[in-house]
file my_file-v7.cif (mmCIF, C-alpha atoms)
data_structure
loop_
_atom_site.label_atom_id
_atom_site.label_comp_id
_atom_site.auth_asym_id
_atom_site.auth_seq_id
_atom_site.Cartn_x
_atom_site.Cartn_y
_atom_site.Cartn_z
CA MET A 20 0.21 -6.99 15.41
CA PRO A 21 -3.04 -5.27 16.31
CA THR A 22 -5.20 -7.51 18.45
CA TYR A 23 -8.60 -7.58 20.10
CA ASN A 24 -10.22 -10.63 21.69
CA HIS A 25 -8.12 -13.18 19.82
CA SER A 26 -7.17 -15.41 22.73
CA ALA A 27 -7.85 -18.51 20.62
CA THR A 28 -5.38 -17.59 17.86
CA ILE A 29 -2.80 -15.09 19.07
CA ALA A 30 -0.36 -17.70 20.42
CA GLN A 31 -0.10 -19.33 16.98
CA ALA A 32 0.49 -15.93 15.41
CA ILE A 33 3.25 -15.04 17.87
CA ASP A 34 4.87 -18.46 17.56
CA SER A 35 5.07 -17.99 13.79
CA PHE A 36 6.93 -14.71 14.35
CA LEU A 37 9.36 -16.35 16.76
CA ALA A 38 9.99 -19.11 14.19
CA GLN A 39 11.39 -16.61 11.67
CA LYS A 40 15.04 -17.24 10.77
CA CYS A 41 16.72 -13.92 9.95
CA CYS A 42 20.23 -12.53 9.78
CA PHE A 43 18.92 -9.14 10.99
CA ASP A 44 17.11 -7.92 14.09
CA ILE A 45 13.32 -8.17 14.18
CA GLN A 46 10.82 -6.91 16.71
CA LEU A 47 7.15 -7.72 17.20
CA LEU A 48 4.95 -4.87 18.40
CA ILE A 49 1.61 -6.09 19.76
CA SER A 50 -1.08 -3.53 20.56
CA ASP A 51 -4.01 -4.88 22.52
CA ASP A 52 -7.14 -2.78 22.00
CA ALA A 53 -8.65 -3.37 25.47
CA SER A 54 -9.48 -7.04 24.98
CA THR A 55 -12.03 -8.54 27.37
CA ASP A 56 -10.72 -12.11 27.09
CA ALA A 57 -7.28 -13.65 27.79
CA THR A 58 -5.57 -12.07 24.76
CA LEU A 59 -3.53 -9.57 26.77
CA SER A 60 -2.35 -12.11 29.35
CA ILE A 61 -1.18 -14.44 26.57
CA ALA A 62 0.70 -11.61 24.87
CA ARG A 63 2.24 -10.52 28.19
CA LYS A 64 3.52 -14.05 28.81
CA TYR A 65 5.28 -14.10 25.45
CA GLU A 66 6.70 -10.64 26.15
CA SER A 67 8.15 -11.74 29.49
CA GLU A 68 9.80 -14.74 27.84
CA ASN A 69 11.05 -12.80 24.79
CA HIS A 70 11.63 -9.27 26.08
CA ASP A 71 14.36 -8.68 23.49
CA LYS A 72 11.94 -9.33 20.58
CA ILE A 73 8.39 -8.60 21.75
CA VAL A 74 6.83 -5.38 23.03
CA VAL A 75 3.20 -5.30 24.21
CA ILE A 76 1.23 -2.03 24.14
CA THR A 77 -2.06 -1.75 26.01
CA LYS A 78 -5.04 0.57 25.58
CA PRO A 79 -7.24 1.73 28.48
CA GLU A 80 -10.29 1.55 26.21
CA ASN A 81 -11.16 0.19 22.80
CA GLU A 82 -10.21 2.62 20.01
CA GLY A 83 -10.84 0.56 16.89
CA LEU A 84 -8.60 -1.13 14.35
CA ILE A 85 -7.22 1.87 12.46
CA ALA A 86 -6.42 3.83 15.62
CA ASN A 87 -4.69 0.72 16.92
CA TYR A 88 -2.58 0.57 13.75
CA ARG A 89 -1.71 4.24 14.26
CA THR A 90 -0.31 3.37 17.67
CA LEU A 91 1.75 0.55 16.21
CA VAL A 92 3.29 2.42 13.29
CA SER A 93 4.14 5.36 15.56
CA ARG A 94 6.23 2.99 17.68
CA ALA A 95 7.88 1.11 14.81
CA GLU A 96 11.60 1.72 14.37
CA GLY A 97 12.60 -0.70 11.63
CA GLU A 98 13.52 0.08 8.05
CA TYR A 99 10.81 -2.37 6.98
CA LEU A 100 7.34 -3.07 8.34
CA ALA A 101 5.30 -6.26 8.17
CA VAL A 102 1.72 -6.90 9.24
CA LEU A 103 0.64 -9.99 11.16
CA GLU A 104 -2.84 -9.67 12.58
CA SER A 105 -3.44 -11.95 15.53
CA ASP A 106 -5.81 -14.34 13.78
CA ASP A 107 -3.33 -15.03 10.95
CA TYR A 108 0.10 -16.68 11.03
CA TRP A 109 3.26 -17.07 8.99
CA SER A 110 3.92 -20.55 7.59
CA ASP A 111 7.40 -20.03 6.09
CA PRO A 112 10.23 -19.45 8.61
CA LEU A 113 12.25 -17.73 5.86
CA LYS A 114 9.47 -15.33 4.86
CA LEU A 115 11.03 -12.13 6.17
CA GLN A 116 14.54 -13.07 5.08
CA LYS A 117 13.46 -13.77 1.48
CA GLN A 118 11.46 -10.58 1.12
CA ILE A 119 13.94 -8.25 2.75
CA ASP A 120 16.81 -9.76 0.77
CA PHE A 121 14.89 -8.81 -2.36
CA LEU A 122 14.00 -5.30 -1.18
CA ASP A 123 17.58 -4.66 -0.05
CA ALA A 124 18.78 -5.56 -3.54
CA ASN A 125 16.10 -3.62 -5.43
CA ALA A 126 15.71 -0.03 -4.25
CA ASP A 127 12.96 0.73 -6.81
CA TYR A 128 10.62 -1.76 -5.14
CA GLY A 129 8.67 -0.54 -2.14
CA LEU A 130 6.67 -3.61 -1.22
CA SER A 131 6.91 -7.38 -1.44
CA PHE A 132 3.97 -9.79 -1.19
CA THR A 133 3.49 -13.52 -1.62
CA ARG A 134 0.88 -16.19 -2.09
CA VAL A 135 -1.25 -17.19 0.88
CA MET A 136 -3.24 -20.12 2.19
CA PHE A 137 -6.81 -19.52 3.38
CA LEU A 138 -8.03 -21.24 6.55
CA GLN A 139 -11.81 -21.48 6.83
CA GLU A 140 -13.66 -23.75 9.23
CA GLY A 141 -10.53 -25.83 9.75
CA VAL A 142 -9.90 -26.37 6.02
CA LEU A 143 -6.82 -24.99 4.23
CA ARG A 144 -6.94 -24.00 0.57
CA GLU A 145 -4.45 -22.25 -1.67
CA ASP A 146 -4.80 -18.80 -3.15
CA TYR A 147 -4.32 -18.36 -6.90
CA ASP A 148 -0.90 -18.10 -8.50
CA TYR A 149 -0.79 -14.50 -9.76
CA SER A 150 2.44 -14.81 -11.75
CA GLU A 151 0.85 -14.64 -15.21
CA LEU A 152 -1.55 -11.89 -14.20
CA LEU A 153 1.19 -9.70 -12.77
CA GLU A 154 3.34 -10.24 -15.84
CA SER A 155 0.45 -9.16 -18.08
CA LEU A 156 -0.13 -6.02 -16.01
CA GLN A 157 3.40 -4.82 -16.86
CA GLY A 158 3.79 -2.84 -13.68
CA GLU A 159 0.23 -1.46 -13.53
CA LEU A 160 -0.60 -3.18 -10.25
CA TYR A 161 -2.03 0.06 -8.86
CA SER A 162 -4.73 0.20 -11.53
CA TYR A 163 -5.66 -3.45 -11.09
CA MET A 164 -5.81 -3.09 -7.32
CA LEU A 165 -8.37 -0.32 -7.68
CA LEU A 166 -10.71 -3.02 -9.00
CA ARG A 167 -9.64 -5.97 -6.90
CA SER A 168 -7.15 -6.38 -4.08
CA ILE A 169 -4.91 -9.43 -4.45
CA ILE A 170 -2.51 -8.57 -1.61
CA TYR A 171 -3.23 -10.18 1.75
CA SER A 172 -1.84 -8.46 4.82
CA PRO A 173 0.15 -11.31 6.42
CA THR A 174 2.17 -11.78 3.22
CA VAL A 175 3.53 -8.23 2.99
CA VAL A 176 6.78 -6.46 3.83
CA PHE A 177 7.04 -2.76 2.92
CA ARG A 178 9.40 0.17 3.37
CA ARG A 179 8.64 2.38 6.35
CA ASN A 180 9.93 5.51 4.61
CA LEU A 181 7.35 5.10 1.82
CA PHE A 182 4.61 4.60 4.37
CA GLU A 183 5.60 7.78 6.18
CA LYS A 184 5.83 9.72 2.91
CA TYR A 185 2.58 8.65 1.24
CA CYS A 186 0.25 7.30 3.95
CA ASN A 187 -1.52 9.69 6.31
CA ILE A 188 -2.91 7.41 8.97
CA ASP A 189 -4.46 10.34 10.84
CA GLU A 190 -6.69 10.81 7.80
CA TYR A 191 -7.46 7.07 7.81
CA VAL A 192 -8.65 7.38 11.41
CA ALA A 193 -10.61 10.57 10.74
CA GLY A 194 -12.22 8.95 7.68
CA LYS A 195 -13.15 5.87 9.74
CA PHE A 196 -11.56 3.56 7.21
CA ILE A 197 -12.63 -0.03 7.62
CA THR A 198 -9.20 -1.47 6.80
CA PHE A 199 -5.56 -0.44 7.11
CA ASP A 200 -3.97 -2.55 4.42
CA TYR A 201 -5.92 -1.53 1.30
CA PRO A 202 -5.09 2.22 1.37
CA VAL A 203 -1.48 1.46 2.31
CA TRP A 204 -0.92 -1.05 -0.50
CA LEU A 205 -2.54 1.29 -3.04
CA SER A 206 -0.49 4.29 -1.88
CA ILE A 207 2.78 2.40 -2.11
CA ALA A 208 1.84 0.78 -5.45
CA ALA A 209 1.10 4.25 -6.85
CA HIS A 210 4.70 5.32 -6.19
CA SER A 211 6.90 2.25 -6.50
CA LYS A 212 7.16 -1.24 -7.91
CA CYS A 213 5.74 -4.18 -5.98
CA ASN A 214 7.43 -7.57 -5.88
CA PHE A 215 5.42 -10.79 -6.04
CA LEU A 216 7.22 -13.74 -4.47
CA ASN A 217 5.62 -16.92 -5.78
CA ASP A 218 5.89 -18.76 -2.46
CA ILE A 219 3.22 -19.50 0.12
CA THR A 220 4.44 -17.81 3.28
CA ALA A 221 1.34 -17.16 5.39
CA VAL A 222 -2.12 -18.37 6.38
CA TYR A 223 -5.04 -15.95 6.27
CA ARG A 224 -7.93 -16.98 8.48
CA ILE A 225 -11.45 -16.44 7.09
CA SER A 226 -14.08 -16.12 9.78
CA SER A 227 -17.80 -16.34 9.09
CA SER A 228 -18.22 -13.45 11.55
CA SER A 229 -15.81 -11.10 9.77
CA ILE A 230 -17.44 -8.08 8.15
CA SER A 231 -15.95 -8.94 4.74
CA ASN A 232 -17.40 -12.46 4.90
CA THR A 233 -20.64 -11.91 6.80
CA SER A 234 -23.99 -13.32 5.68
CA ASN A 235 -25.68 -10.18 7.02
CA LEU A 236 -26.64 -8.26 3.90
CA ARG A 237 -26.63 -4.82 5.50
CA LYS A 238 -23.18 -5.32 7.05
CA ARG A 239 -21.79 -6.79 3.82
CA LEU A 240 -23.00 -3.81 1.81
CA GLU A 241 -21.63 -1.43 4.45
CA PHE A 242 -18.25 -3.12 4.10
CA GLU A 243 -18.24 -2.61 0.33
CA LYS A 244 -19.30 1.00 0.86
CA GLY A 245 -16.29 1.38 3.15
CA VAL A 246 -13.97 -0.11 0.52
CA SER A 247 -15.43 2.27 -2.06
CA ALA A 248 -14.78 5.22 0.27
CA ILE A 249 -11.13 4.19 0.58
CA ARG A 250 -10.87 3.88 -3.19
CA SER A 251 -12.34 7.34 -3.68
CA TYR A 252 -9.89 8.79 -1.17
CA ILE A 253 -6.91 7.18 -2.89
CA THR A 254 -7.95 8.08 -6.44
CA GLY A 255 -8.48 11.65 -5.26
CA LEU A 256 -4.81 11.68 -4.30
CA TYR A 257 -3.19 9.55 -6.99
CA GLY A 258 -5.66 9.24 -9.85
CA THR A 259 -7.35 6.23 -11.46
CA GLY A 260 -4.35 4.84 -13.31
CA ASN A 261 -5.22 3.46 -16.72
CA ILE A 262 -8.78 2.34 -15.97
CA GLY A 263 -10.85 5.50 -15.48
CA SER A 264 -13.51 6.41 -12.92
CA ILE A 265 -16.43 4.97 -14.95
CA ARG A 266 -14.98 1.47 -14.79
CA ILE A 267 -14.47 1.78 -11.04
CA TRP A 268 -18.07 2.94 -10.60
CA MET A 269 -19.36 0.05 -12.73
CA ARG A 270 -17.30 -2.40 -10.69
CA ASP A 271 -18.93 -1.15 -7.47
CA VAL A 272 -22.44 -1.38 -8.91
CA VAL A 273 -21.94 -4.89 -10.29
CA LEU A 274 -20.42 -6.13 -7.04
CA GLN A 275 -23.26 -4.76 -4.93
CA LEU A 276 -25.85 -6.31 -7.24
CA ARG A 277 -24.02 -9.63 -7.06
CA ILE A 278 -24.02 -9.51 -3.24
CA ILE A 279 -27.75 -8.77 -3.18
CA TRP A 280 -28.50 -11.54 -5.71
CA ARG A 281 -26.54 -14.12 -3.70
CA TYR A 282 -28.39 -13.10 -0.57
CA ILE A 283 -31.74 -13.51 -2.33
CA ILE A 284 -30.75 -16.95 -3.65
CA ARG A 285 -29.73 -18.13 -0.18
CA HIS A 286 -32.91 -16.87 1.44
#
call {"tool": "encode", "arguments": {"input": "my_file-v7.cif", "output": "structure tokens"}}
result
Amino acid sequence: MPTYNHSATIAQAIDSFLAQKCCFDIQLLISDDASTDATLSIARKYESENHDKIVVITKPENEGLIANYRTLVSRAEGEYLAVLESDDYWSDPLKLQKQIDFLDANADYGLSFTRVMFLQEGVLREDYDYSELLESLQGELYSYMLLRSIIYSPTVVFRRNLFEKYCNIDEYVAGKFITFDYPVWLSIAAHSKCNFLNDITAVYRISSSSISNTSNLRKRLEFEKGVSAIRSYITGLYGTGNIGSIRIWMRDVVLQLRIIWRYIIRH
């Protein structure tokens, strides 16, 4: 759990971890990136009350999201990793048990993800059911994900050994990647099967101030440029699957034009 200035939401996130019912040991690593609000004190309180399950890491100065993830994964000891950013929360107390049961029984799968609920301005709405889409892809999730990510971070459990083998987080930091999850999901999908569990297990909070949802045109285009940079990095390593580089380029152009058109309409 990377966190920075999330005093309003981190307690709910931690509570949803503590609500997990598992027949195996779990540990929550929280890395506070020099928050200036009460985030750290809230995390410390939970740590003192749950010292067997929660470890809080502090930074003397703000390093940024990807560097914070690097700290977390370097400290992780489990066979499996899960992401729970401090403004999201898990809604199913059996989430981890269900996904790890599946991964334990299916060695050729490297990642499990589920459906999600979106929370925006106090309103919950469901994500799409991707069952038919994933069946039609016939295992080519990697190619599809190069065009559109359908995996939301709080729904995922993945194998640490695959992360260590295929994901170079030092390069993510050096490349100033804007997100941790997209290059990781793509890297794992390029080398293993991914399981879709058709259950809603998590809530993903959409903030109007987030860079991926901002109304600021320049910042929104910068975000898409950052996503494109990640995609270029990944395809340079693992190829373009069955879609080709021209289709990826066209997707980027169309998306940027759509963003600009929506901005013009609104203003």
call {"tool": "residues_around", "arguments": {"input": "my_file-v7.cif", "residues": "Ala32 in chain A", "least_positions_apart": "4", "cutoff": "8 Å", "atoms": "all atoms listed in the file", "output": "MDAnalysis selection string"}}
result
chainID A and resid 28 36 103:109
call {"tool": "residues_around", "arguments": {"input": "my_file-v7.cif", "residues": "range 131-147 of chain A", "least_positions_apart": "4", "cutoff": "7 Å", "atoms": "all atoms listed in the file", "output": "list in words"}}
result
Gln118, Ile170, Thr174, Val175, Val176, Phe177, Cys213, Asn214, Phe215, Leu216, Asn217, Asp218, Ile219, Thr220, Ala221, Val222, Tyr223, Arg224, Ile225 and Ser226 of chain A
call {"tool": "residues_near_point", "arguments": {"input": "my_file-v7.cif", "point": "(-3.4, -18.7, 21.7)", "cutoff": "12 Å", "atoms": "all atoms listed in the file", "output": "PyMOL selection string"}}
result
chain A and resi 22+24-35+56-65+105-108
call {"tool": "residues_around", "arguments": {"input": "my_file-v7.cif", "residues": "Ile76 in chain A", "least_positions_apart": "3", "cutoff": "9 Å", "atoms": "only C-alpha atoms", "output": "list in words"}}
result
Leu48, Ile49, Ser50, Asp51, Asp52, Thr90 and Leu91 of chain A
call {"tool": "resolve_selection", "arguments": {"input": "my_file-v7.cif", "expression": "the PyMOL selection byres ((chain A and resi 162-164) around 8)", "output": "compact mmCIF listing (two decimals) with C-alpha atoms, in the frame of the given file"}}
result
# COMPACT_ATOMS: atom_id res chain seq x y z
CA LEU A 156 -0.13 -6.02 -16.01
CA GLU A 159 0.23 -1.46 -13.53
CA LEU A 160 -0.60 -3.18 -10.25
CA TYR A 161 -2.03 0.06 -8.86
CA LEU A 165 -8.37 -0.32 -7.68
CA LEU A 166 -10.71 -3.02 -9.00
CA ARG A 167 -9.64 -5.97 -6.90
CA SER A 168 -7.15 -6.38 -4.08
CA ILE A 169 -4.91 -9.43 -4.45
CA LEU A 205 -2.54 1.29 -3.04
CA THR A 259 -7.35 6.23 -11.46
CA GLY A 260 -4.35 4.84 -13.31
CA ASN A 261 -5.22 3.46 -16.72
CA ILE A 262 -8.78 2.34 -15.97
call {"tool": "atom_distance", "arguments": {"input": "my_file-v7.cif", "atom1": "CA of Ile253 in chain A", "atom2": "CA of Leu274 in chain A"}}
result
19.4 Å
call {"tool": "residues_around", "arguments": {"input": "my_file-v7.cif", "residues": "Gln116 in chain A", "least_positions_apart": "2", "cutoff": "9 Å", "atoms": "all atoms listed in the file", "output": "list in words"}}
result
Gln39, Lys40, Cys41, Cys42, Phe43, Pro112, Leu113, Lys114, Gln118, Ile119, Asp120 and Phe121 of chain A
call {"tool": "atom_distance", "arguments": {"input": "my_file-v7.cif", "atom1": "CA of Tyr282 in chain A", "atom2": "CA of Lys238 in chain A"}}
result
12.1 Å
call {"tool": "atom_distance", "arguments": {"input": "my_file-v7.cif", "atom1": "CA of Val203 in chain A", "atom2": "CA of Leu47 in chain A"}}
result
19.5 Å
call {"tool": "closest_residue", "arguments": {"input": "my_file-v7.cif", "among": "A:Asp148, A:Glu82, A:Glu68, A:Glu183", "to": "Ala95 in chain A", "atoms": "only C-alpha atoms"}}
result
A:Glu183
call {"tool": "axis_aligned_box", "arguments": {"input": "my_file-v7.cif", "around": "range 59-78 of chain A", "padding_each_side": "3 Å", "output": "AutoDock Vina command-line options"}}
result
--center_x 4.7 --center_y -7.1 --center_z 25.0 --size_x 25.4 --size_y 21.3 --size_z 14.9
call {"tool": "closest_residue", "arguments": {"input": "my_file-v7.cif", "among": "A:Tyr191, A:Phe182, A:Tyr128, A:Trp268", "to": "Trp204 in chain A", "atoms": "all atoms listed in the file"}}
result
A:Phe182
call {"tool": "closest_residue", "arguments": {"input": "my_file-v7.cif", "among": "A:Gln46, A:Thr55, A:Leu236, A:Asn69", "to": "Ile283 in chain A", "atoms": "only C-alpha atoms"}}
result
A:Leu236
call {"tool": "closest_residue", "arguments": {"input": "my_file-v7.cif", "among": "A:Ser206, A:Arg266, A:Lys195, A:Leu276", "to": "Gly245 in chain A", "atoms": "only C-alpha atoms"}}
result
A:Lys195
call {"tool": "closest_residue", "arguments": {"input": "my_file-v7.cif", "among": "A:Ser264, A:Ser150, A:Asn87, A:Ser211", "to": "Leu130 in chain A", "atoms": "all atoms listed in the file"}}
result
A:Ser211
call {"tool": "resolve_selection", "arguments": {"input": "my_file-v7.cif", "expression": "the PyMOL selection byres ((chain A and resi 189) around 12)", "output": "number ranges by chain"}}
result
A: 85-90, 92-93, 183, 186-188, 190-196, 199
call {"tool": "closest_residue", "arguments": {"input": "my_file-v7.cif", "among": "A:Leu153, A:Ala124, A:Asp71, A:Leu240", "to": "Arg277 in chain A", "atoms": "only C-alpha atoms"}}
result
A:Leu240
